[in-house]
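Structure file entry21.cif (mmCIF, C-alpha atoms) is printed below.
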data_target
#
loop_
_atom_site.label_atom_id
_atom_site.label_comp_id
_atom_site.auth_asym_id
_atom_site.auth_seq_id
_atom_site.Cartn_x
_atom_site.Cartn_y
_atom_site.Cartn_z
CA MET T 28 10.55 -9.95 31.90
CA ARG T 29 7.07 -10.12 30.38
CA VAL T 30 7.56 -6.62 29.00
CA GLU T 31 10.81 -7.58 27.33
CA VAL T 32 9.32 -10.62 25.66
CA MET T 33 6.38 -8.55 24.50
CA LYS T 34 8.72 -5.92 23.07
CA ASN T 35 10.55 -8.59 21.12
CA ILE T 36 7.32 -9.95 19.69
CA LEU T 37 6.15 -6.46 18.72
CA GLY T 38 9.58 -5.58 17.31
CA SER T 39 9.64 -8.61 15.04
CA ASN T 40 6.01 -7.97 14.07
CA ASP T 41 6.83 -4.38 13.09
CA ALA T 42 9.71 -5.57 10.90
CA ALA T 43 7.45 -8.09 9.14
CA ALA T 44 4.76 -5.42 8.74
CA ALA T 45 7.28 -3.08 7.10
CA ARG T 46 8.30 -5.87 4.68
CA ASN T 47 4.63 -6.46 3.81
CA ARG T 48 4.09 -2.77 3.13
CA ARG T 49 7.19 -2.55 0.92
CA LEU T 50 5.99 -5.52 -1.10
CA TRP T 51 2.52 -4.04 -1.56
CA ASP T 52 3.90 -0.62 -2.48
CA GLU T 53 6.25 -2.10 -5.08
CA ALA T 54 3.37 -4.09 -6.61
CA GLY T 55 0.92 -1.14 -6.54
CA ILE T 56 -1.51 -3.08 -4.32
CA LEU T 57 -3.75 -1.31 -1.83
CA ALA T 58 -3.91 -3.39 1.37
CA LEU T 59 -6.75 -2.82 3.85
CA ASP T 60 -7.04 -4.42 7.30
CA PHE T 61 -10.51 -4.80 8.87
CA MET T 62 -10.92 -5.28 12.61
CA GLY T 63 -14.06 -5.47 14.75
CA SER T 64 -16.03 -7.60 17.21
CA PRO T 65 -17.22 -11.10 16.31
CA GLY T 66 -20.42 -10.64 14.35
CA SER T 67 -19.93 -6.95 13.57
CA GLY T 68 -20.28 -7.87 9.88
CA LYS T 69 -16.71 -7.61 8.60
CA THR T 70 -17.17 -10.49 6.14
CA SER T 71 -20.48 -9.06 4.90
CA ILE T 72 -18.78 -5.72 4.20
CA LEU T 73 -15.97 -7.49 2.32
CA GLU T 74 -18.58 -9.38 0.23
CA GLN T 75 -20.19 -6.07 -0.78
CA VAL T 76 -16.86 -4.36 -1.49
CA ILE T 77 -15.66 -7.32 -3.59
CA LYS T 78 -18.79 -7.23 -5.77
CA GLN T 79 -18.63 -3.45 -6.32
CA LEU T 80 -14.90 -3.40 -7.05
CA ALA T 81 -15.34 -6.33 -9.48
CA ARG T 82 -17.94 -4.26 -11.35
CA ARG T 83 -15.35 -1.48 -11.56
CA GLY T 84 -12.88 -3.97 -13.09
CA ARG T 85 -10.68 -4.32 -10.02
CA THR T 86 -9.01 -7.56 -8.98
CA VAL T 87 -9.45 -8.21 -5.29
CA LYS T 88 -8.04 -10.99 -3.11
CA VAL T 89 -8.74 -11.64 0.54
CA ILE T 90 -6.85 -12.97 3.55
CA GLU T 91 -9.23 -14.23 6.24
CA GLY T 92 -8.14 -14.51 9.88
CA ASP T 93 -10.11 -16.68 12.28
CA VAL T 94 -9.40 -18.70 15.38
CA ALA T 95 -11.06 -21.67 13.67
CA SER T 96 -13.16 -22.68 10.62
CA ALA T 97 -12.99 -21.71 6.94
CA ASN T 98 -16.53 -20.27 6.93
CA ASP T 99 -15.45 -16.77 5.98
CA ALA T 100 -13.13 -17.83 3.13
CA ARG T 101 -16.02 -19.86 1.69
CA ARG T 102 -18.30 -16.83 1.83
CA ILE T 103 -15.63 -14.64 0.19
CA GLU T 104 -15.09 -17.13 -2.65
CA ALA T 105 -18.85 -17.29 -3.21
CA ALA T 106 -18.75 -13.48 -3.54
CA GLY T 107 -16.21 -13.88 -6.34
CA ALA T 108 -12.76 -13.25 -4.85
CA GLU T 109 -9.94 -15.67 -4.20
CA ALA T 110 -9.37 -16.09 -0.46
CA PHE T 111 -6.79 -17.61 1.85
CA GLN T 112 -8.00 -18.65 5.28
CA ILE T 113 -5.63 -18.33 8.22
CA ASN T 114 -6.65 -20.29 11.31
CA THR T 115 -4.75 -18.91 14.27
CA GLY T 116 -5.47 -21.89 16.53
CA GLY T 117 -5.86 -20.01 19.78
CA ALA T 118 -4.38 -16.64 18.88
CA CYS T 119 -6.66 -13.63 19.23
CA HIS T 120 -5.23 -11.56 16.38
CA LEU T 121 -3.30 -11.83 13.12
CA HIS T 122 0.35 -10.87 13.09
CA ALA T 123 2.31 -9.59 10.13
CA GLY T 124 4.23 -12.84 9.60
CA MET T 125 0.98 -14.80 9.19
CA VAL T 126 -0.05 -12.35 6.48
CA SER T 127 3.34 -12.70 4.69
CA ARG T 128 2.96 -16.48 4.55
CA ALA T 129 -0.66 -16.23 3.41
CA MET T 130 0.39 -13.91 0.56
CA GLU T 131 2.91 -16.47 -0.66
CA GLN T 132 0.12 -19.05 -0.88
CA LEU T 133 -2.41 -16.68 -2.38
CA GLY T 134 -0.16 -15.02 -4.98
CA LEU T 135 -0.52 -11.32 -5.66
CA GLU T 136 0.04 -11.17 -9.45
CA GLY T 137 -2.42 -8.71 -10.99
CA VAL T 138 -4.10 -7.84 -7.69
CA ASP T 139 -5.38 -4.27 -7.19
CA VAL T 140 -6.77 -4.51 -3.68
CA LEU T 141 -5.92 -6.96 -0.87
CA LEU T 142 -8.52 -7.11 1.88
CA ILE T 143 -7.46 -8.60 5.22
CA GLU T 144 -10.07 -9.61 7.78
CA ASN T 145 -8.58 -9.79 11.25
CA VAL T 146 -9.80 -12.13 14.02
CA GLY T 147 -13.07 -10.91 15.55
CA ASN T 148 -11.77 -8.95 18.53
CA LEU T 149 -11.87 -5.27 19.50
CA VAL T 150 -8.80 -5.43 21.74
CA CYS T 151 -5.88 -7.62 20.70
CA PRO T 152 -5.39 -6.77 17.00
CA THR T 153 -4.76 -3.11 17.92
CA ALA T 154 -1.21 -3.94 19.06
CA PHE T 155 -0.24 -5.83 15.90
CA LEU T 156 -0.11 -3.79 12.71
CA LEU T 157 0.05 -5.90 9.55
CA GLY T 158 1.59 -3.27 7.26
CA ALA T 159 -1.70 -2.43 5.54
CA HIS T 160 -2.19 1.08 4.10
CA MET T 161 -5.28 1.51 6.23
CA ARG T 162 -6.95 -0.18 9.14
CA PHE T 163 -10.75 0.01 9.30
CA VAL T 164 -12.52 -0.60 12.59
CA VAL T 165 -16.03 -1.99 12.13
CA ALA T 166 -18.72 -1.49 14.78
CA SER T 167 -22.36 -2.45 14.34
CA VAL T 168 -25.64 -1.02 15.59
CA PRO T 169 -26.71 -4.02 17.75
CA GLU T 170 -23.45 -3.77 19.74
CA GLY T 171 -24.59 -0.47 21.26
CA ASP T 172 -23.54 3.16 20.93
CA ASP T 173 -20.94 3.14 23.74
CA LYS T 174 -18.34 0.89 22.12
CA PRO T 175 -15.81 3.69 21.35
CA GLU T 176 -15.76 4.58 25.05
CA LYS T 177 -15.24 0.97 26.11
CA TYR T 178 -12.66 -0.03 23.48
CA PRO T 179 -10.94 3.33 22.87
CA VAL T 180 -7.65 2.10 21.37
CA ALA T 181 -9.36 0.37 18.44
CA PHE T 182 -11.24 3.55 17.55
CA ARG T 183 -8.39 5.95 18.32
CA ASP T 184 -5.83 4.11 16.17
CA ALA T 185 -8.12 3.29 13.23
CA ASP T 186 -7.57 5.01 9.88
CA ALA T 187 -11.30 4.82 9.15
CA ILE T 188 -14.41 3.87 11.13
CA ILE T 189 -17.40 1.95 9.75
CA LEU T 190 -20.76 1.69 11.51
CA ASN T 191 -22.43 -1.39 10.04
CA LYS T 192 -26.05 -2.69 10.16
CA ALA T 193 -27.34 0.90 9.78
CA ASP T 194 -30.65 -0.58 8.52
CA LEU T 195 -31.34 -1.56 12.15
CA LEU T 196 -31.09 2.04 13.43
CA PRO T 197 -34.90 2.59 13.34
CA HIS T 198 -35.52 -0.66 15.22
CA LEU T 199 -32.94 -0.72 18.03
CA VAL T 200 -31.97 1.69 20.80
CA PHE T 201 -28.81 3.28 19.40
CA ASP T 202 -27.94 6.98 19.55
CA ALA T 203 -26.00 7.47 16.30
CA GLU T 204 -25.13 11.07 17.19
CA LYS T 205 -23.60 9.93 20.48
CA PHE T 206 -21.67 7.14 18.72
CA TRP T 207 -20.13 9.51 16.14
CA ASP T 208 -19.41 12.14 18.81
CA LEU T 209 -17.45 9.54 20.81
CA CYS T 210 -15.59 8.57 17.62
CA ASP T 211 -14.80 12.23 16.90
CA GLN T 212 -13.46 12.75 20.41
CA LEU T 213 -11.06 9.83 19.96
CA ASN T 214 -10.25 10.25 16.30
CA ALA T 215 -11.51 13.40 14.62
CA GLN T 216 -9.57 12.94 11.39
CA ALA T 217 -10.65 9.37 10.52
CA PRO T 218 -13.13 9.13 7.63
CA LYS T 219 -16.41 7.69 8.90
CA PHE T 220 -18.92 5.51 7.06
CA SER T 221 -22.40 4.35 7.96
CA VAL T 222 -23.30 1.25 5.92
CA SER T 223 -25.78 -1.60 5.66
CA CYS T 224 -24.98 -4.83 3.85
CA THR T 225 -28.72 -5.63 3.82
CA SER T 226 -30.00 -2.42 2.21
CA GLY T 227 -26.73 -1.57 0.46
CA GLU T 228 -26.77 1.91 2.06
CA GLY T 229 -23.33 3.54 2.20
CA ILE T 230 -21.48 0.80 0.29
CA ASP T 231 -21.08 3.04 -2.80
CA THR T 232 -19.49 5.79 -0.73
CA LEU T 233 -17.15 3.30 0.95
CA CYS T 234 -16.07 1.84 -2.41
CA GLU T 235 -15.55 5.34 -3.88
CA PHE T 236 -13.24 6.05 -0.97
CA ILE T 237 -11.31 2.81 -1.57
CA GLU T 238 -10.99 3.71 -5.26
CA GLU T 239 -9.60 7.13 -4.31
CA ARG T 240 -7.05 5.52 -2.03
CA LEU T 241 -6.06 3.11 -4.79
CA ALA T 242 -5.66 5.98 -7.25
CA ALA T 243 -3.47 7.84 -4.74
CA LEU T 244 -1.02 4.94 -4.26
CA MET F 23 10.67 -18.93 25.87
CA ARG F 24 7.24 -17.42 25.18
CA VAL F 25 5.61 -20.68 26.23
CA GLU F 26 7.45 -20.71 29.55
CA VAL F 27 6.42 -17.16 30.40
CA MET F 28 2.84 -17.98 29.45
CA LYS F 29 2.89 -21.09 31.68
CA ASN F 30 4.07 -19.00 34.62
CA ILE F 31 1.29 -16.48 34.07
CA LEU F 32 -1.32 -19.24 33.82
CA GLY F 33 0.13 -21.07 36.83
CA SER F 34 -0.10 -18.01 39.06
CA ASN F 35 -3.58 -17.29 37.69
CA ASP F 36 -4.75 -20.80 38.56
CA ALA F 37 -3.45 -20.41 42.12
CA ALA F 38 -5.30 -17.10 42.54
CA ALA F 39 -8.45 -18.64 41.01
CA ALA F 40 -8.28 -21.50 43.53
CA ARG F 41 -7.97 -18.98 46.37
CA ASN F 42 -11.01 -17.07 45.06
CA ARG F 43 -13.05 -20.27 44.89
CA ARG F 44 -12.10 -21.28 48.43
CA LEU F 45 -13.14 -17.87 49.72
CA TRP F 46 -16.50 -18.03 47.93
CA ASP F 47 -17.16 -21.60 49.09
CA GLU F 48 -16.40 -20.71 52.71
CA ALA F 49 -18.74 -17.71 52.51
CA GLY F 50 -21.52 -19.64 50.70
CA ILE F 51 -21.39 -17.24 47.74
CA LEU F 52 -22.24 -18.42 44.22
CA ALA F 53 -19.81 -16.77 41.77
CA LEU F 54 -20.70 -16.62 38.07
CA ASP F 55 -18.39 -15.40 35.28
CA PHE F 56 -19.94 -14.03 32.07
CA MET F 57 -17.92 -13.85 28.86
CA GLY F 58 -18.99 -12.86 25.33
CA SER F 59 -18.32 -10.48 22.45
CA PRO F 60 -18.53 -6.71 22.89
CA GLY F 61 -22.20 -5.81 22.57
CA SER F 62 -23.54 -9.34 23.10
CA GLY F 63 -25.58 -7.96 25.97
CA LYS F 64 -23.75 -9.27 29.03
CA THR F 65 -24.53 -6.15 31.08
CA SER F 66 -28.20 -6.22 30.03
CA ILE F 67 -28.46 -9.84 31.20
CA LEU F 68 -26.86 -8.93 34.54
CA GLU F 69 -29.35 -6.05 34.95
CA GLN F 70 -32.26 -8.47 34.47
CA VAL F 71 -30.77 -11.12 36.77
CA ILE F 72 -30.08 -8.54 39.50
CA LYS F 73 -33.68 -7.31 39.45
CA GLN F 74 -35.16 -10.83 39.55
CA LEU F 75 -32.83 -12.07 42.29
CA ALA F 76 -33.56 -8.92 44.34
CA ARG F 77 -37.28 -9.76 44.11
CA ARG F 78 -36.42 -13.21 45.45
CA GLY F 79 -34.61 -11.56 48.40
CA ARG F 80 -31.09 -12.31 47.21
CA THR F 81 -28.14 -9.98 47.71
CA VAL F 82 -26.13 -9.64 44.53
CA LYS F 83 -22.87 -7.77 43.90
CA VAL F 84 -21.08 -7.33 40.61
CA ILE F 85 -17.49 -7.06 39.40
CA GLU F 86 -17.29 -5.37 36.00
CA GLY F 87 -14.30 -5.89 33.70
CA ASP F 88 -13.65 -3.46 30.86
CA VAL F 89 -10.64 -2.17 28.99
CA ALA F 90 -11.85 1.36 29.74
CA SER F 91 -14.83 3.35 31.11
CA ALA F 92 -17.14 2.82 34.08
CA ASN F 93 -20.27 2.68 31.90
CA ASP F 94 -21.20 -0.85 32.92
CA ALA F 95 -20.74 -0.33 36.67
CA ARG F 96 -23.02 2.72 36.42
CA ARG F 97 -25.68 0.63 34.65
CA ILE F 98 -25.38 -2.13 37.27
CA GLU F 99 -25.78 0.32 40.17
CA ALA F 100 -28.83 1.82 38.47
CA ALA F 101 -30.23 -1.73 38.36
CA GLY F 102 -29.83 -1.93 42.13
CA ALA F 103 -26.63 -3.86 42.84
CA GLU F 104 -23.34 -2.64 44.23
CA ALA F 105 -20.62 -2.85 41.56
CA PHE F 106 -16.86 -2.57 41.35
CA GLN F 107 -15.43 -1.57 37.98
CA ILE F 108 -12.07 -3.00 36.93
CA ASN F 109 -10.41 -1.16 34.04
CA THR F 110 -7.76 -3.43 32.58
CA GLY F 111 -5.97 -0.64 30.68
CA GLY F 112 -5.04 -2.62 27.61
CA ALA F 113 -5.62 -6.19 28.80
CA CYS F 114 -8.13 -8.26 26.86
CA HIS F 115 -9.41 -10.37 29.78
CA LEU F 116 -9.74 -10.39 33.55
CA HIS F 117 -7.37 -12.55 35.57
CA ALA F 118 -8.05 -14.07 38.95
CA GLY F 119 -5.81 -11.62 40.85
CA MET F 120 -7.81 -8.65 39.53
CA VAL F 121 -10.96 -10.28 40.87
CA SER F 122 -9.36 -10.91 44.30
CA ARG F 123 -8.42 -7.24 44.62
CA ALA F 124 -11.86 -6.11 43.43
CA MET F 125 -13.51 -8.31 46.09
CA GLU F 126 -11.47 -6.64 48.82
CA GLN F 127 -12.79 -3.26 47.68
CA LEU F 128 -16.35 -4.44 47.18
CA GLY F 129 -16.73 -6.47 50.38
CA LEU F 130 -18.64 -9.75 50.33
CA GLU F 131 -20.44 -9.63 53.70
CA GLY F 132 -24.00 -10.95 53.26
CA VAL F 133 -23.65 -11.54 49.52
CA ASP F 134 -25.52 -14.50 47.97
CA VAL F 135 -24.46 -14.19 44.35
CA LEU F 136 -21.38 -12.51 42.85
CA LEU F 137 -21.69 -11.79 39.14
CA ILE F 138 -18.48 -11.12 37.21
CA GLU F 139 -18.61 -9.57 33.74
CA ASN F 140 -15.44 -10.30 31.80
CA VAL F 141 -13.95 -8.01 29.13
CA GLY F 142 -15.92 -8.21 25.86
CA ASN F 143 -13.91 -10.81 23.97
CA LEU F 144 -14.71 -14.33 22.73
CA VAL F 145 -11.07 -15.47 22.69
CA CYS F 146 -8.75 -14.31 25.45
CA PRO F 147 -10.80 -14.85 28.63
CA THR F 148 -11.03 -18.58 27.83
CA ALA F 149 -7.45 -19.14 29.04
CA PHE F 150 -7.90 -17.35 32.39
CA LEU F 151 -10.34 -18.94 34.81
CA LEU F 152 -11.32 -16.69 37.69
CA GLY F 153 -12.36 -19.41 40.14
CA ALA F 154 -16.10 -18.90 39.55
CA HIS F 155 -18.48 -21.83 40.04
CA MET F 156 -19.72 -21.42 36.49
CA ARG F 157 -18.70 -19.60 33.38
CA PHE F 158 -21.50 -18.50 31.04
CA VAL F 159 -20.73 -17.69 27.42
CA VAL F 160 -23.14 -15.14 25.94
CA ALA F 161 -23.78 -14.99 22.19
CA SER F 162 -26.42 -12.80 20.55
CA VAL F 163 -28.63 -13.15 17.49
CA PRO F 164 -27.17 -10.23 15.47
CA GLU F 165 -23.69 -11.80 15.69
CA GLY F 166 -24.78 -14.66 13.43
CA ASP F 167 -25.40 -18.37 13.90
CA ASP F 168 -21.85 -19.56 13.12
CA LYS F 169 -20.09 -18.16 16.19
CA PRO F 170 -19.60 -21.55 17.94
CA GLU F 171 -17.75 -22.81 14.86
CA LYS F 172 -15.52 -19.73 14.71
CA TYR F 173 -14.78 -19.40 18.43
CA PRO F 174 -15.00 -23.03 19.55
CA VAL F 175 -12.99 -22.86 22.78
CA ALA F 176 -15.34 -20.32 24.36
CA PHE F 177 -18.36 -22.56 23.67
CA ARG F 178 -16.59 -25.87 24.40
CA ASP F 179 -15.30 -24.77 27.83
CA ALA F 180 -18.41 -22.89 29.00
CA ASP F 181 -20.50 -24.31 31.83
CA ALA F 182 -23.64 -22.79 30.29
CA ILE F 183 -24.50 -21.05 27.01
CA ILE F 184 -26.86 -18.09 26.63
CA LEU F 185 -28.27 -16.90 23.31
CA ASN F 186 -29.31 -13.28 23.88
CA LYS F 187 -31.49 -10.86 21.84
CA ALA F 188 -33.88 -13.72 21.01
CA ASP F 189 -36.56 -11.07 20.30
CA LEU F 190 -34.65 -10.32 17.07
CA LEU F 191 -34.97 -13.91 15.76
CA PRO F 192 -38.03 -13.13 13.60
CA HIS F 193 -36.31 -10.08 12.09
CA LEU F 194 -32.76 -11.22 11.29
CA VAL F 195 -31.27 -14.11 9.33
CA PHE F 196 -30.26 -16.52 12.12
CA ASP F 197 -30.78 -20.27 12.06
CA ALA F 198 -31.37 -21.05 15.75
CA GLU F 199 -31.44 -24.80 15.14
CA LYS F 200 -28.03 -24.63 13.46
CA PHE F 201 -26.66 -22.48 16.32
CA TRP F 202 -27.80 -24.94 19.01
CA ASP F 203 -26.60 -27.93 16.97
CA LEU F 204 -23.14 -26.39 16.78
CA CYS F 205 -23.25 -25.77 20.54
CA ASP F 206 -24.32 -29.37 21.17
CA GLN F 207 -21.47 -30.71 19.03
CA LEU F 208 -18.95 -28.74 21.09
CA ASN F 209 -20.60 -29.00 24.48
CA ALA F 210 -23.58 -31.33 24.77
CA GLN F 211 -23.82 -31.19 28.56
CA ALA F 212 -23.91 -27.40 29.04
CA PRO F 213 -27.34 -26.01 29.99
CA LYS F 214 -28.56 -23.69 27.23
CA PHE F 215 -30.75 -20.60 27.53
CA SER F 216 -32.44 -18.43 24.94
CA VAL F 217 -33.21 -15.00 26.40
CA SER F 218 -34.24 -11.47 25.52
CA CYS F 219 -33.59 -8.53 27.81
CA THR F 220 -36.10 -6.50 25.79
CA SER F 221 -39.09 -8.88 25.99
CA GLY F 222 -37.94 -10.59 29.20
CA GLU F 223 -38.24 -14.01 27.49
CA GLY F 224 -36.15 -16.70 29.16
CA ILE F 225 -34.94 -14.56 32.08
CA ASP F 226 -37.17 -16.44 34.56
CA THR F 227 -35.74 -19.79 33.48
CA LEU F 228 -32.19 -18.46 33.75
CA CYS F 229 -32.83 -17.09 37.26
CA GLU F 230 -34.47 -20.37 38.33
CA PHE F 231 -31.32 -22.14 37.21
CA ILE F 232 -29.13 -19.71 39.20
CA GLU F 233 -31.33 -20.26 42.27
CA GLU F 234 -30.91 -24.04 41.92
CA ARG F 235 -27.15 -23.66 41.71
CA LEU F 236 -27.16 -21.42 44.78
CA ALA F 237 -29.26 -23.98 46.70
CA ALA F 238 -26.81 -26.73 45.71
CA LEU F 239 -23.73 -24.89 47.07
#

As C-alpha cells, how would this structure be written, given the file I've shared?
Amino acid sequence: MRVEVMKNILGSNDAAAARNRRLWDEAGILALDFMGSPGSGKTSILEQVIKQLARRGRTVKVIEGDVASANDARRIEAAGAEAFQINTGGACHLHAGMVSRAMEQLGLEGVDVLLIENVGNLVCPTAFLLGAHMRFVVASVPEGDDKPEKYPVAFRDADAIILNKADLLPHLVFDAEKFWDLCDQLNAQAPKFSVSCTSGEGIDTLCEFIEERLAAL
Amino acid sequence: MRVEVMKNILGSNDAAAARNRRLWDEAGILALDFMGSPGSGKTSILEQVIKQLARRGRTVKVIEGDVASANDARRIEAAGAEAFQINTGGACHLHAGMVSRAMEQLGLEGVDVLLIENVGNLVCPTAFLLGAHMRFVVASVPEGDDKPEKYPVAFRDADAIILNKADLLPHLVFDAEKFWDLCDQLNAQAPKFSVSCTSGEGIDTLCEFIEERLAAL
C-alpha cells in the first residue's frame, strides 16, 4: 500500500517535472537544481554565480526551497537576483509542482538562467526531480571526505558535483583525492568542480561551464 | 489518503518507541539519540563520549544509522565500543522498529549507555522518535549560525542542543550569540553545549551531563 501511494506521488511529480522542462526549453531558459546538506554553502555558491553571470549580461532568477524562513531569498536578492522563497512547512525536499507555482509568481520573461536551491538534505531530494536541465550536488570540506560513500544516491544521480569551502582544505583533515575517487566510482562522467566562495577559487570555471550549457540549449 | 498512511506509520512507530523505552527502563540503560546534518560531527562526538565514559567505567554500545556504508560503525569500534550498523537503503531516518531489531543483534547485557546515531538529516528524523530518553540535535560551526531558523522543528523538539567544531569559531564567520539566541527562542529549556572534538573543549561538561542523567534513571 505504501509503495503504491509513493508511486502515485512520484508519477505525478514526474509529470509536473516534464511540464517544467518543456516550459523552460520553449523559453530558452537553463534551469539548474542545487542539492546538498544544510550548511554546505549552496546559497553562497548561488550568490557568486549570480554576480558573475550578471557581469556577463545574463538575467538570473532564483527559486529558494527551505523548510522555514526567508533567509536565503533575502541573501539572493542582496546579491542582485530576483528570488522566490518556497517554505515547505515540514517537507524535506522540493517537488516539481512547488517549482511550477513558484515560477508563476516569479515570472520568467527575459530570464536566461533559473537557479533552484533545494531543501538542505542529502537524501530526500534525490527521489524528486524538478525538471531542471542539470542537478548539482554540493558537498563541503568540513563535512568530511566520506560523504559520497554514505549518501551514494545523491552523488550517483547528480549531473555535476561541487566540492565547496576548498579554502579550508589546508586547515582541516580532508583527503581530497579520496573524495574525488569515491565520486568517480559512483559517477565517472559527472563534471566536477572544487570551489571556494571565500577565496573565489573555481567560481570562474563553474560559471564558464554554466555559460557553455546555456549556449548548448 | 497520504495523511492516513502517514498516521499509520507514525502510530506503529510510536508503539515500537514505547516498547524500546520500556525495555531500556527495565534494564537501567540510558538511551540517547543524536540527530544532525551530514558532516556535523555526530560520530566524532560519540567517539569522544565513548572514550570518556569508558574511563569512568561505563559500558557503552552504539547503534549507527546510515543510508549506506559501515564507515561509522568501524570508527565507533576503533574508539572502543561495540556497534551495530543499520543501513536504511534509501530511508532518510531511523524508525523505532529498526532500533529494536538492532538491539536484538547487539545485545544489551551489562550496558549502561546506548548511543544511537540517526541518519544525517536535519528534517526527517524529527517525526520518528525512537524511544530514547533524550534526543540531542548536533549543529556545527561551518554550517552557519542560521540553522535553527531554517530547520526549526529539529531545534524546537530536541532535549539538548550541541554546537560542534567550536575550535573553528575564531576562523569562520559564525555569530555564536545569534545562534544561541535563535536556539533559546525555539527551545529555552534545552541544555546547550559548545564542544570541539579536535580540542576536546566542552566534552567533559557533556559527559558530566550524561552521567547525571544516568544517575537519575

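Using all atoms listed in the file, one finds that the residues of chain F close to chain T, at 7 Å or less, are Ser59, Pro60, Gly61, Ser62, Asp88, Val89, Ala90, Ser91, Cys114, Asn143, Val145, Cys146, Pro164, Glu165, Gly166, Glu171, Lys172 and Tyr173 of chain F.
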
TODO: Determine the residue set returned by the PyMOL selection byres ((chain F and resi 100-102) around 10) for the present structure, and present it as an MDAnalysis selection string.
DONE: chainID F and resid 66 68:73 76 81:83 94:99 103:105

Task: Result set of the PyMOL selection byres ((chain F and resi 129) around 12) on the coordinates above, as a VMD selection string - done: chain F and resid 45 to 46 49 82 to 85 104 to 106 121 to 128 130 to 133 136

Applying 10 Å and all atoms listed in the file, which residues near F:Arg178 remain after dropping the ones on its own chain fewer than 3 positions away? List them as a PDB file with C-alpha atoms, in the frame of the given file.
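Written out: result-v4.pdb:
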ATOM      1  CA  THR F 148     -11.030 -18.580  27.830  1.00  0.00           C
ATOM      2  CA  VAL F 159     -20.730 -17.690  27.420  1.00  0.00           C
ATOM      3  CA  PRO F 170     -19.600 -21.550  17.940  1.00  0.00           C
ATOM      4  CA  TYR F 173     -14.780 -19.400  18.430  1.00  0.00           C
ATOM      5  CA  PRO F 174     -15.000 -23.030  19.550  1.00  0.00           C
ATOM      6  CA  VAL F 175     -12.990 -22.860  22.780  1.00  0.00           C
ATOM      7  CA  ASP F 181     -20.500 -24.310  31.830  1.00  0.00           C
ATOM      8  CA  ALA F 182     -23.640 -22.790  30.290  1.00  0.00           C
ATOM      9  CA  ILE F 183     -24.500 -21.050  27.010  1.00  0.00           C
ATOM     10  CA  CYS F 205     -23.250 -25.770  20.540  1.00  0.00           C
ATOM     11  CA  ASP F 206     -24.320 -29.370  21.170  1.00  0.00           C
ATOM     12  CA  GLN F 207     -21.470 -30.710  19.030  1.00  0.00           C
ATOM     13  CA  LEU F 208     -18.950 -28.740  21.090  1.00  0.00           C
ATOM     14  CA  ASN F 209     -20.600 -29.000  24.480  1.00  0.00           C
ATOM     15  CA  ALA F 210     -23.580 -31.330  24.770  1.00  0.00           C
ATOM     16  CA  GLN F 211     -23.820 -31.190  28.560  1.00  0.00           C
ATOM     17  CA  ALA F 212     -23.910 -27.400  29.040  1.00  0.00           C
TER      18      ALA F 212
END

Box dimensions and centre (Å, one decimal) enclosing stretch 164-168 of chain F, axis-aligned, 8 Å extra per side, as AutoDock Vina command-line options:
--center_x -24.5 --center_y -14.9 --center_z 14.4 --size_x 21.3 --size_y 25.3 --size_z 18.6

Task: Distance of atom CA of F:Ala238 from atom CA of F:Ile138, expressed in Å to one decimal place - done: 19.6 Å

- [ ] Pull out every residue that the PyMOL selection byres ((chain F and resi 42) around 10) matches in the shown coordinates and put them as a PyMOL selection string.
- [x] chain F and resi 36-41+43-47+53+118-119+121-122+125+152-154

Store the residues of this selection in a file with C-alpha atoms, as a short mmCIF file (atom, residue, chain, number, x, y, z; two decimals), keeping the file's coordinate frame.
data_model
loop_
_atom_site.label_atom_id
_atom_site.label_comp_id
_atom_site.auth_asym_id
_atom_site.auth_seq_id
_atom_site.Cartn_x
_atom_site.Cartn_y
_atom_site.Cartn_z
CA ASP F 36 -4.75 -20.80 38.56
CA ALA F 37 -3.45 -20.41 42.12
CA ALA F 38 -5.30 -17.10 42.54
CA ALA F 39 -8.45 -18.64 41.01
CA ALA F 40 -8.28 -21.50 43.53
CA ARG F 41 -7.97 -18.98 46.37
CA ARG F 43 -13.05 -20.27 44.89
CA ARG F 44 -12.10 -21.28 48.43
CA LEU F 45 -13.14 -17.87 49.72
CA TRP F 46 -16.50 -18.03 47.93
CA ASP F 47 -17.16 -21.60 49.09
CA ALA F 53 -19.81 -16.77 41.77
CA ALA F 118 -8.05 -14.07 38.95
CA GLY F 119 -5.81 -11.62 40.85
CA VAL F 121 -10.96 -10.28 40.87
CA SER F 122 -9.36 -10.91 44.30
CA MET F 125 -13.51 -8.31 46.09
CA LEU F 152 -11.32 -16.69 37.69
CA GLY F 153 -12.36 -19.41 40.14
CA ALA F 154 -16.10 -18.90 39.55
#

Open item on the list: If I take atom CA of F:Ile225 and atom CA of F:Leu191, how far is one from the other in Å, to one decimal?
Closed with: 16.3 Å

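Distances from F:Trp202, F:Phe158, F:Phe150, F:Phe196 to F:Ile232 were compared using all atoms listed in the file, and the smallest one belongs to F:Phe158.
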